[in-house]
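Asker: So that we are looking at the same thing, I have put the structure below in structure tokens.
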Amino acid sequence: MTTPAPPRLIPDRLHGRTTRALRSWEAILVAVAIAVFIANSFLSPYFLNAWNLSDATFNFTEKALIAFAMAMLIIAGEIDLSVASIIALASTAMGLAMTAGAGVPVIVATGIATGVICGAINGFLVAGLGLPSIVVTIGTMSLFRGVAFIVLGDQAFTGYPPGLAYFGQGYVWWVISFELVLFALCAVIYWALLHRTTFGRAVYAIGNNATAAQFSGIRVARVRFILFLLTGLMSGIAAVCLTSRLGSTRPSIATGWELEVVTMVVLGGVNILGGSGTIPGVVLAAIIMGLVTFGFGLLNVPGIVMSIFLGALLIGVIALPRLMRRK
Amino acid sequence: MSIWKKALATAAVATALMTTTAAAENVKIALVVKALGIGFFEAAAKGAEEAAKELGDVEIIYTGPTDTTAEGQIEVINSLIAQGVNAIAVSANDKDALVPTLQKAMERGITVISWDSGVAAEGRMMHLNPSSNALIGNTIIKLAADHLPEGGDVAILSASATATNQNIWIEEAKKVLPNYPGINLVATVYGDDLADKSYREAQGLMATYPNLKAIIAPTTVGILAASQAVTDAGKIGEINVTGLGLPSEMAGAVASGATKSFAIWNPIDLGYAATMISYNLVKGNAKAEPGAEIGMGRMGAAKLDDGNEAAMSDPFTYDSSNIDQFKSIF
């Protein structure tokens with residue numbers, strides 16, 4: 001007697017929706033964020049305080065704004081290391097506008113426009129001339145900050161009009177700062193752009209195989225150019241917020257931020273080689289970095305220990321899925 | 001499983017790093033420095049601890065960013081505000097960028113002073129300079145005169161001709177020259193704070209003025225180069241090199257005798273004085289207003305000028321008796 005062979009099932013997905021969600025990178029990040037939050041609440045009596053938590057958000061909002069655009073750029077297989085230098089140049093341009101007697105709207109527009117122009121320069125060199133983005137942006141990293149140093153030397157721009165203070169120090173409602181609202185708004189916009197538009201699909205396609213994307217009818221160079229424009233734009237917006245928060249401009253402003261932004265993106269689960277990653281991951285990574293920095297600050301842990309912890313966290317979070325898969 | 005492991009690890013690390021919480025009635029004074037791991041500031045922290053021990057009811061929080069950025073200092077200050085410290089004494093990386101954050105601190109009732117590297121007037125209650133231009137000008141002449149009882153020719157080796165602070169110190173030095181009879185200032189030359197140029201200028205001075213008894217260099221680069229030039233010319237004992245230098249760099253010159261003594265601010269005293277001032281302001285023993293005198297313990301009293309700034313003391317003199325103690329500090 002022969003039993004009929006069971007029907008062959010080839011599932012297109014190995015697990016259900018819930019299981020996949022629980023096994024995702026974002027789930028690990030949520031767990032880490034909750035763990036950090038709970039640890040902080042137990043360790044410091046000052047942590048669970050609305051105003052203190054509000055202050056803590058300033059540690060990451062500006063960097064996170066850039067991280068959204070950087071995430072898309074890295075998913076597309078490129079990188080922009082000049083973002084911190086764009087902040088310096090945009091902030092310097094804002095100072096020049098202020099010195100020329102411009103009002104708040106013009107100062108803000110100058111900062112954002114400078115960011116977009118810097119992004120266009122990067123975009124032209126990479127997408128237009130086909131140069132490798134890491135080389136181009138290492139070059140413009142020195143170039144943009146160099147110009148800021150030539151303009152300012154060891155001087156500083158101070159005395160911005162009081163109205164400018166709102167962007168970096170103002171509150172929309174109670175403890176909800178303008179920067180936090182901007183962060184949330186940009187998170188939604190970039191989430192929609194990356195996960196809900198054809199442009200977003202094109203970004204993934206280019207990151208996985210640029211040649212295949214090209215032959216599929218995607219205008220690769222144009223997408224790359226737009227991505228550099230976006231990092232420039234976000235750096236310009238971050239420059240407005242940071243300048244407003246510091247109330248001054250010095251050419252050394254935002255030194256070292258490019259690596260913190262890239263760390264945020266990678267911690268958020270974006271593949272540094274391109275092709276995968278999500279905006280919610282970057283949002284969670286930004287919050288984790290902010291909570292860790294602030295929590296350790298409350299305990300007066302020296303900054304270097306904080307850097308070691310963040311480094312270990314980065315390697316740990318990246319190594320974990322790979323180790324789990326090996327079993 | 002892995003999530004729990006992670007959570008436990010996070011909690012374990014954080015617990016291990018947890019600092020002891022002090023009694024609530026202690027005055028919490030935060031000493032915020034430009035960056036951690038710099039000998040000068042570690043020494044200042046030592047001074048702050050000394051002051052805390054003397055006062056008894058003080059807890060010192062010594063902190064700062066990993067590198068010398070204003071953004072890093074703002075993060076540190078934000079967490080100090082959140083902890084509700086009583087006072088913040090800061091050596092600023094940027095005199096303007098810290099202002100909004102420090103103003104927020106003052107709005108929340110925290111005493112804010114700056115020391116060493118100041119904050120713009122609207123961002124602090126007072127600023128403690130390590131010394132004053134007049135005191136420095138006097139000290140550099142006195143250092144030379146101390147070893148010239150008979151008087152003699154001296155020359156100044158400065159940084160660049162446009163260096164504002166150097167020029168003010170030299171001007172102040174010239175003002176006090178009449179108080180030191182026999183000391184004859186023959187020339188002022190400029191080494192631009194470059195080691196090789198300063199070395200050549202020192203050689204030039206020795207060639208031009210055969211009776212030269214002392215070279216005064218109020219710059220750390222100049223004093224080092226000049227002592228090397230004197231050593232190389234075999235004129236140790238004939239010409240004394242003095243001025244402002246760093247103990248770590250000058251230890252060799254003091255040992256060889258090319259430099260008998262030199263001066264610079266003492267970071268231990270500075271941290272001590274900043275702590276004492278913070279404490280007195282928190283306790284209401286003094287008010288930060290022009291003309292006020294604020295006690296600094298063993299360092300005397302700080303007298304505030306119209307800009308709410310005060311000078312701590314004469315620069316501290318280093319010679320063979322104390323150089324070994326300080327050369328490892330900064």
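Identifiers in this document derive from the order of the structure tokens: chains are assigned A, B, ..., residues are numbered from 1 separately in each chain, and ligands are numbered from 1 in order of occurrence.
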As a PyMOL selection string, which residues of range 5-201 of chain B does DSSP assign to alpha helix (DSSP H)?
Answerer: chain B and resi 5-17+39-55+70-83+99-107+133-146+164-176+195-201
Asker: Excluding Ala92 in chain B and residues on its chain fewer than 6 positions from it, collect all residues at most 8 Å away from it, counting only C-alpha atoms, and give them as a count of residues only.
Answerer: 9
Asker: Just the strand (DSSP E or B) stuff from range 64-112 of chain B, please, per backbone DSSP, written as a PyMOL selection string.
Answerer: chain B and resi 87-90+111-112
Asker: Keeping only N, CA and C atoms, write the selected residues as an mmCIF file, in the first residue's frame.
Answerer:
data_model
loop_
_atom_site.group_PDB
_atom_site.id
_atom_site.type_symbol
_atom_site.label_atom_id
_atom_site.label_comp_id
_atom_site.auth_asym_id
_atom_site.auth_seq_id
_atom_site.Cartn_x
_atom_site.Cartn_y
_atom_site.Cartn_z
ATOM 1 N N ALA B 87 26.948 73.969 42.180
ATOM 2 C CA ALA B 87 27.800 74.913 41.466
ATOM 3 C C ALA B 87 28.504 74.230 40.303
ATOM 4 N N ILE B 88 28.735 75.005 39.236
ATOM 5 C CA ILE B 88 29.510 74.532 38.090
ATOM 6 C C ILE B 88 30.667 75.504 37.907
ATOM 7 N N ALA B 89 31.886 74.987 37.951
ATOM 8 C CA ALA B 89 33.085 75.802 37.713
ATOM 9 C C ALA B 89 33.737 75.251 36.456
ATOM 10 N N VAL B 90 33.736 76.053 35.388
ATOM 11 C CA VAL B 90 34.109 75.519 34.081
ATOM 12 C C VAL B 90 35.312 76.240 33.474
ATOM 13 N N THR B 111 25.036 77.981 40.821
ATOM 14 C CA THR B 111 26.121 78.958 40.792
ATOM 15 C C THR B 111 27.073 78.590 39.658
ATOM 16 N N VAL B 112 27.339 79.531 38.756
ATOM 17 C CA VAL B 112 28.222 79.238 37.627
ATOM 18 C C VAL B 112 29.404 80.199 37.619
#
Asker: Per residue of chain A within 6 Å of chain B, note the shortest atom pair and the distance in Å to one decimal, counting only C-alpha atoms, and order the rows by chain and increasing residue number, as CSV.
Answerer:
residue,atom,partner,partner_atom,distance
A:Ala35,CA,B:Ala7,CA,5.1
A:Ala39,CA,B:Ala11,CA,5.5
A:Tyr46,CA,B:Gln83,CA,5.8
A:Asn52,CA,B:Ala82,CA,5.4
A:Leu246,CA,B:Ala97,CA,4.4
A:Ser248,CA,B:Ala97,CA,5.6
A:Gly297,CA,B:Ser79,CA,5.4
A:Leu298,CA,B:Ser79,CA,5.2
A:Gly303,CA,B:Thr66,CA,5.1
A:Ile304,CA,B:Thr66,CA,5.7
Asker: Please list as JSON, numbers by chain every residue within 8 Å of range 276-285 of chain B, counting only C-alpha atoms and excluding residues in the same chain fewer than 3 positions away.
Answerer: {"B": [27, 29, 51, 86, 87, 88, 89, 111, 112, 113, 272, 273, 288, 294, 295, 296, 297]}
Asker: Generate the output file for the selected residues, C-alpha atoms, as a tab-separated table (two decimals), in the first residue's frame.
Answerer:
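Heads up, here's the output in out_19.tsv:
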chain	number	residue	atom	x	y	z
B	27	VAL	CA	27.43	71.00	48.51
B	29	ILE	CA	30.53	71.38	43.07
B	51	ALA	CA	39.61	72.36	49.09
B	86	ASN	CA	24.98	73.40	43.48
B	87	ALA	CA	27.80	74.91	41.47
B	88	ILE	CA	29.51	74.53	38.09
B	89	ALA	CA	33.09	75.80	37.71
B	111	THR	CA	26.12	78.96	40.79
B	112	VAL	CA	28.22	79.24	37.63
B	113	ILE	CA	31.80	80.48	37.50
B	272	TYR	CA	41.57	74.86	44.88
B	273	ALA	CA	40.66	78.53	44.47
B	288	ALA	CA	29.62	88.03	42.66
B	294	ILE	CA	35.49	86.36	47.70
B	295	GLY	CA	37.49	84.12	50.01
B	296	MET	CA	39.82	81.55	48.43
B	297	GLY	CA	41.04	79.79	51.60
Asker: One number please: CA of Glu62 in chain A to CA of Val181 in chain A, in Å, one decimal.
Answerer: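 Between these atoms lies a distance of 11.5 Å.
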